[in-house]
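Undergrad: Sharing a structure here in structure tokens format.
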Amino acid sequence: MSLLNDKGYVDPAESLASQTEGSNIEHALTVIAQRYVGDNPPHAPVYRVTRKSPIRKRADHCYQLPIADTFPEMTGSQVVYAWTKLWAAEPQSFPFLMEWTGQVRLYHNGRKRFGSAPGEEATAGELPLKLGIQLTKGWNHFVLEFRRSPNGCGAVFGTSNRKNKPFHFLAPSMEREGEEGWIVTMPMDGALARIPDSMESESWTGAQWLPVPAKHGGEADGGPMLRMYGRKPGYAAYAWTAVVNRTLTAKKMTLSGTSYGPVRFEWNGREVYTSREAGTFRIAIDVPPGRGELTARSEYVQEGWGFEVSEASPEGMLTAPRRVHGLTGEWLYLGPIRAEAELELSDYFGLDTVAVDGGQTLFWTGSEPGACVRPFLENELFGRWNYPLGVTMYGLLETGRLLNRLDIQEYVLRHVEFATRHYEYSLWDREEFGAAGLNNQLSDIDSLDDCGSFGALAILADRIRSMKGVHNAADDIARYIMDKQSRLEDGALYREVGVSPSMHLTMWCDDMYMSVPFLCRYAELSGDSRYLDEAARQLLLYKSYLYLPDLQLMSHVYDVRHGQPSRTVWGRGNGWVFFSLSELLAVLPFGHPDYEGLLLFYRALAEGYLRVQGVNGLWHQVLTDPESYEEASCTAMFIFGMARGIRHGWLEDPDPYLQSAAAGWEGLTSRAIDRLGNVYGVCKGSSWSTSHAYYKHDLSWNLNDTHGIGIVLLAGVELLGLMRASPIVNA
């Protein structure tokens with residue numbers, strides 16, 4: 001694979017090295033880190049209403065549409081339509097999954113993309129059909145047309161990549177704007193004359209789309225909580241809104257309305273009105289500039305419960321306490337709970353905590369029955385929990401620490417806390433709705449990729465600032481690695497079931513980074529040395545399966561089914577092992593029984609990597625093939641491992657390795673990093689093969705891939721730390 005030009009990925013005039021004196025490490029770290037943070041701002045979750053419905057996600061984030069169960073009266077001559085939409089920031093081809101019973105047609109933006117013939121149905125045990133669809137920039141509308149057969153009627157449709165693209169669809173209705181989910185028609189006696197392809201087309205379809213928005217009847221129906229919860233003797237519920245004063249001075253605001261039972265109002269946690277009977281009320285509160293929290297607690301009585309505000313003085317206004325797409329009105333509701341129970345309502349203002357009352361769990365809803373409020377992750381990178389971002393954030397955290405950049409450290413802490421503070425909630429969300437709206441990997445761990453890398457980062461971040469959810473998540477990750485992850489008879493971790501059939505029954509170099517650093521940090525967190533012992537044991541076991549002594553390199557994969565290594569020496573796969581070995585040796589006590597064996601393993605690998613370094617200082621995608629492209633992430637990991645080894649005294653003759661690390665950094669800054677902090681030449685996420693050609697030709701590189709940014713930063717951090725610790729070192 002050729003480079004962008006004969007001087008490297010980056011034009012020499014635009015390279016990072018051209019902007020500094022030689023390869024100034026501090027400048028490089030600053031530019032790369034600031035570019036990343038600027039490109040990925042720290043947005044909050046997006047809150048949306050989800051309707052309780054027979055249509056719900058499976059664990060793989062595909063939607064189940066059980067049409068036959070939803071409309072048991074549907075006849076074989078009738079038609080039902082289901083409609084949803086998905087936003088795409090850029091045009092792209094994306095593979096979706098589909099299963100079906102009955103006769104089904106799929107339309108995308110008004111055009112038919114799939115149609116099953118009568119009797120052509122997916123059978124149990126078959127793999128889902130994978131459909132490649134060219135998404136357009138902006139809204140993409142999907143319509144499924146259903147006809148019944150003797151076998152039933154329904155479909156499963158959604159993302160084919162639940163790990164990295166756990167898509168959630170939105171209701172394409174003006175009345176349901178912003179809600180997550182689908183709208184469906186009642187069974188119809190004839191097909192639509194035209195398939196809807198935009199929100200504006202809803203009205204001209206002539207169909208009745210469900211769910212139909214509720215019509216609030218006011219006092220005649222006994223109040224909003226009777227509509228929402230029904231008759232619940234002995235129960236209470238809460239409501240929450242915000243009062244906003246958009247002036248520069250404090251104002252006295254009055255609220256008037258009707259209560260349908262006992263009610264207590266609190267303004268910023270202070271009681272301002274209580275009544276034990278139904279009737280009218282008038283409340284006066286002092287509202288400073290800005291906003292405050294107004295809450296109410298209502299108890300059920302025979303006549304009804306809840307309240308309605310009919311008038312608010314113009315000095316202030318009521319607004320939803322959080323922006324919730326699809327919300328009707330200005331209030332959020334939490335209940336019902338037993339009347340004798342009291343909640344500290346401010347504990348739930350973060351919309352990241354599930355309330356527990358006896359044996360039931362509760363979360364905020366809108367004012368309509370089943371209108372559940374849910375947080376969704378809709379950022380491409382910020383707040384996401386996955387293994388490449390675990391390394392990216394590790395690099396940013398260490399960069400911020402070394403450069404004394406508290407802003408960079410705070411960015412990482414906010415990213416980590418975004419995920420961990422929602423951990424317990426996301427477990428509940430998964431159980432309640434089939435798949436979580438955020439933390440899709442952390443809430444449904446089924447591989448080392450899902451947990452170890454980011455878990456190791458979370459423990460580091462928690463040392464700086466205690467964070468909600470970190471310890472619970474870390475405990476669950478430790479249990480998964482030690483008790484649930486598949487192992488061979490000798491205890492070696494392996495992939496009994498991979499994300500695709502080709503990955504079943506394999507052992508990957510990558511999994512050392514997905515387990516060893518976490519085990520090292522959890523050993524310190526828990527005070528239990530068994531986890532450090534396990535990290536050492538796994539590295540030596542992986543050596544026994546994957547180390548190629550003739551090359552002093554690691555095979556990327558061991559094929560358990562055939563009992564042999566693939567003998568493919570992929571750069572980043574080797575980097576993961578060297579990186580992990582360096583992390584372990586840095587904390588393993590010198591007298592540990594496995595210390596000497598691991599040190600010899602480290603030295604053997606270092607010697608092997610030294611031998612295959614490229615002429616420009618970078619290492620190649622296939623380590624033994626100088627015709628394969630120069631790859632940035634493995635280069636950075638070898639720099640990191642060598643620099644750390646020099647600093648800790650692991651290398652008997654450090655000079656060649658110091659020269660190698662310096663040449664590698666010079667190669668990165670002059671050939672793979674531009675002056676804006678963009679990182680080139682990072683291999684994308686991989687599968688595996690017994691052929692070097694796959695890694696060389698099929699496994700291309702991406703710009704600013706998160707598999708490499710943090711690793712490059714960590715390489716610079718280690719080199720800069722080495723320079724500061726040893727005055728004789730001159731990078």
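Following the order of the structure tokens, first chain is A, next is B, and so on, with residues numbered from 1 inside each chain and ligands from 1 in the order they appear.
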Just the residues within 6 Å of segment 142-144 of chain A, please, counting only C-alpha atoms, with nothing from its chain fewer than 3 positions along; format it as JSON, numbers by chain.
TA: {"A": [81, 82, 83, 84, 85, 105, 106, 107, 108]}
Undergrad: Considering only alpha helix (DSSP H) as DSSP defines it on the backbone, what residues of segment 41-132 of chain A qualify? List them as a list in words.
TA: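 After running DSSP on the backbone, segment 41-132 of chain A has alpha helix (DSSP H) at Ile67, Ala68, Asp69 and Thr70 of chain A.
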Undergrad: Of the candidates A:Arg521, A:Arg227, A:Arg58, A:Arg572, which shows the shortest atom-to-atom distance to Pro369 of chain A, using only C-alpha atoms?
TA: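 The answer is A:Arg227, which sits nearest to Pro369 of chain A.
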Undergrad: Please provide the set of residues having any atom within 12 Å of Lys163 of chain A, restricted to only C-alpha atoms, with same-chain residues fewer than 4 positions apart removed, written as a VMD selection string.
TA: chain A and resid 59 to 62 159 167 384 to 387 435 to 436 438 to 447 449 to 451 499
Undergrad: Could you pull out the strand (DSSP E) residues of segment 195-292 of chain A from DSSP and send them as a PyMOL selection string?
TA: chain A and resi 209-210+235-245+251-259+263-267+270-275+279-287+290-292
Undergrad: Which residues, written as a PyMOL selection string, have at least one atom at most 9 Å from segment 395-408 of chain A, with only C-alpha atoms counted and residues fewer than 6 positions away on the same chain left out?
TA: chain A and resi 26+29-30+33-34+37+457+460-461+709-717+720-721
Undergrad: Residues within 7 Å of segment 336-340 of chain A, please, as a ChimeraX atom specification. Count only C-alpha atoms; anything in the same chain fewer than 6 positions from it doesn't count.
TA: /A:234-237,299,357
Undergrad: Taking all heavy atoms for each residue, export the selection above as a compact mmCIF listing (two decimals), in the first residue's frame.
TA:
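Heads up, here's the output in again-v8.txt:
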# COMPACT_ATOMS: atom_id res chain seq x y z
N GLY A 234 -53.00 4.47 48.85
CA GLY A 234 -51.78 4.31 49.64
C GLY A 234 -50.51 4.68 48.90
O GLY A 234 -49.42 4.35 49.38
N TYR A 235 -50.64 5.37 47.77
CA TYR A 235 -49.46 5.73 46.99
C TYR A 235 -49.39 7.24 46.76
O TYR A 235 -50.38 7.97 46.86
CB TYR A 235 -49.45 5.01 45.64
CG TYR A 235 -48.91 3.61 45.74
CD1 TYR A 235 -49.71 2.57 46.21
CD2 TYR A 235 -47.59 3.32 45.40
CE1 TYR A 235 -49.23 1.28 46.32
CE2 TYR A 235 -47.09 2.04 45.52
CZ TYR A 235 -47.91 1.03 45.97
OH TYR A 235 -47.40 -0.24 46.08
N ALA A 236 -48.16 7.69 46.45
CA ALA A 236 -47.90 9.09 46.13
C ALA A 236 -47.01 9.14 44.89
O ALA A 236 -46.50 8.12 44.42
CB ALA A 236 -47.21 9.79 47.30
N ALA A 237 -46.83 10.33 44.34
CA ALA A 237 -45.95 10.53 43.19
C ALA A 237 -45.40 11.95 43.22
O ALA A 237 -45.97 12.84 43.88
CB ALA A 237 -46.67 10.26 41.88
N GLU A 299 -50.55 12.86 46.80
CA GLU A 299 -51.01 11.55 47.26
C GLU A 299 -52.37 11.24 46.66
O GLU A 299 -53.20 12.13 46.43
CB GLU A 299 -51.08 11.51 48.79
CG GLU A 299 -49.74 11.58 49.46
CD GLU A 299 -49.84 11.37 50.97
OE1 GLU A 299 -50.86 10.79 51.42
OE2 GLU A 299 -48.91 11.78 51.68
N ASP A 357 -38.26 1.73 45.45
CA ASP A 357 -39.24 1.79 46.53
C ASP A 357 -39.74 0.37 46.76
O ASP A 357 -40.50 -0.16 45.94
CB ASP A 357 -40.39 2.71 46.16
CG ASP A 357 -41.48 2.71 47.23
OD1 ASP A 357 -41.14 2.70 48.43
OD2 ASP A 357 -42.68 2.69 46.86
Undergrad: For Gln538 of chain A, which residue out of A:Asp483, A:Asp594, A:Asp625, A:Glu718 is the nearest one, using only C-alpha atoms?
TA: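 Of all the options, A:Asp594 lies closest to Gln538 of chain A.
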Undergrad: In Å, how far is it from atom CA of Arg463 of chain A to atom CA of Tyr425 of chain A?
TA: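 Those two atoms sit 22.6 Å apart.
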Undergrad: Would you pick out the contacts of Thr690 of chain A at 10 Å or less, using only C-alpha atoms, so that residues sharing its chain but fewer than 5 positions from it are not included, and give the list as a list in words?
TA: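 Non-adjacent residues within range: Ser555, His556, Val557, Tyr558, Asp559, Pro565, Ser566, Arg567, Thr568, Val569 and Tyr695 of chain A.
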Undergrad: Those same residues - N, CA and C atoms - I'd like them written as an mmCIF file, in the first residue's frame.
TA:
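The result, written out as out-v1.cif:
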data_model
loop_
_atom_site.group_PDB
_atom_site.id
_atom_site.type_symbol
_atom_site.label_atom_id
_atom_site.label_comp_id
_atom_site.auth_asym_id
_atom_site.auth_seq_id
_atom_site.Cartn_x
_atom_site.Cartn_y
_atom_site.Cartn_z
ATOM 1 N N SER A 555 2.877 -13.867 16.952
ATOM 2 C CA SER A 555 1.798 -14.122 16.003
ATOM 3 C C SER A 555 0.571 -13.358 16.476
ATOM 4 N N HIS A 556 -0.167 -12.783 15.534
ATOM 5 C CA HIS A 556 -1.345 -12.022 15.948
ATOM 6 C C HIS A 556 -2.374 -12.902 16.641
ATOM 7 N N VAL A 557 -2.639 -14.085 16.095
ATOM 8 C CA VAL A 557 -3.745 -14.915 16.577
ATOM 9 C C VAL A 557 -3.282 -16.355 16.720
ATOM 10 N N TYR A 558 -3.853 -17.039 17.696
ATOM 11 C CA TYR A 558 -3.710 -18.488 17.823
ATOM 12 C C TYR A 558 -5.065 -19.097 17.498
ATOM 13 N N ASP A 559 -5.074 -20.004 16.526
ATOM 14 C CA ASP A 559 -6.296 -20.675 16.089
ATOM 15 C C ASP A 559 -6.510 -21.904 16.970
ATOM 16 N N PRO A 565 -0.598 -21.231 15.825
ATOM 17 C CA PRO A 565 -0.627 -19.782 15.623
ATOM 18 C C PRO A 565 -0.768 -19.452 14.142
ATOM 19 N N SER A 566 -1.315 -18.283 13.864
ATOM 20 C CA SER A 566 -1.479 -17.853 12.472
ATOM 21 C C SER A 566 -0.156 -17.469 11.826
ATOM 22 N N ARG A 567 0.855 -17.141 12.641
ATOM 23 C CA ARG A 567 2.194 -16.702 12.192
ATOM 24 C C ARG A 567 2.138 -15.395 11.395
ATOM 25 N N THR A 568 1.089 -14.620 11.587
ATOM 26 C CA THR A 568 1.011 -13.291 10.984
ATOM 27 C C THR A 568 1.494 -12.283 12.017
ATOM 28 N N VAL A 569 2.517 -11.504 11.670
ATOM 29 C CA VAL A 569 3.146 -10.603 12.644
ATOM 30 C C VAL A 569 2.641 -9.181 12.416
ATOM 31 N N TYR A 695 -3.421 -8.164 6.128
ATOM 32 C CA TYR A 695 -2.953 -7.027 6.925
ATOM 33 C C TYR A 695 -2.314 -5.961 6.040
#
Undergrad: Which residue gives the smallest distance to Thr101 of chain A among A:Thr70, A:Gln621, A:Asn151, A:Ser77, with only C-alpha atoms counted?
TA: A:Asn151
Undergrad: For segment 319-327 of chain A, find every residue with an atom within 9 Å (counting only C-alpha atoms), except residues of its own chain fewer than 3 positions away, and show them as an MDAnalysis selection string.
TA: chainID A and resid 46:50 175:180 240:244 292:293 330:332 349 351 365:367 371 373:375
Undergrad: Ranking A:Val10, A:Arg231, A:Arg291, A:Ser660 by minimum distance to Lys251 of chain A and counting only C-alpha atoms, which one comes first?
TA: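 Distance minimum relative to Lys251 of chain A lands on A:Arg291.
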Undergrad: Here is a test: counting only C-alpha atoms, which residue of A:Gly152, A:Leu505, A:Asp462, A:Arg111 is nearest to Gln409 of chain A?
TA: A:Asp462
Undergrad: Please determine, counting only C-alpha atoms, which residue among A:Glu496, A:Tyr513, A:Ile32, A:Trp428 has the shortest atom-to-atom distance to Ala456 of chain A.
TA: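 Closest to Ala456 of chain A, using only C-alpha atoms: A:Tyr513.
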Undergrad: Just to confirm, what's the straight-line distance from atom CA of Pro172 of chain A to atom CA of Lys52 of chain A in Å (one decimal)?
TA: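 Pair atom CA of Pro172 of chain A / atom CA of Lys52 of chain A returns 16.9 Å.
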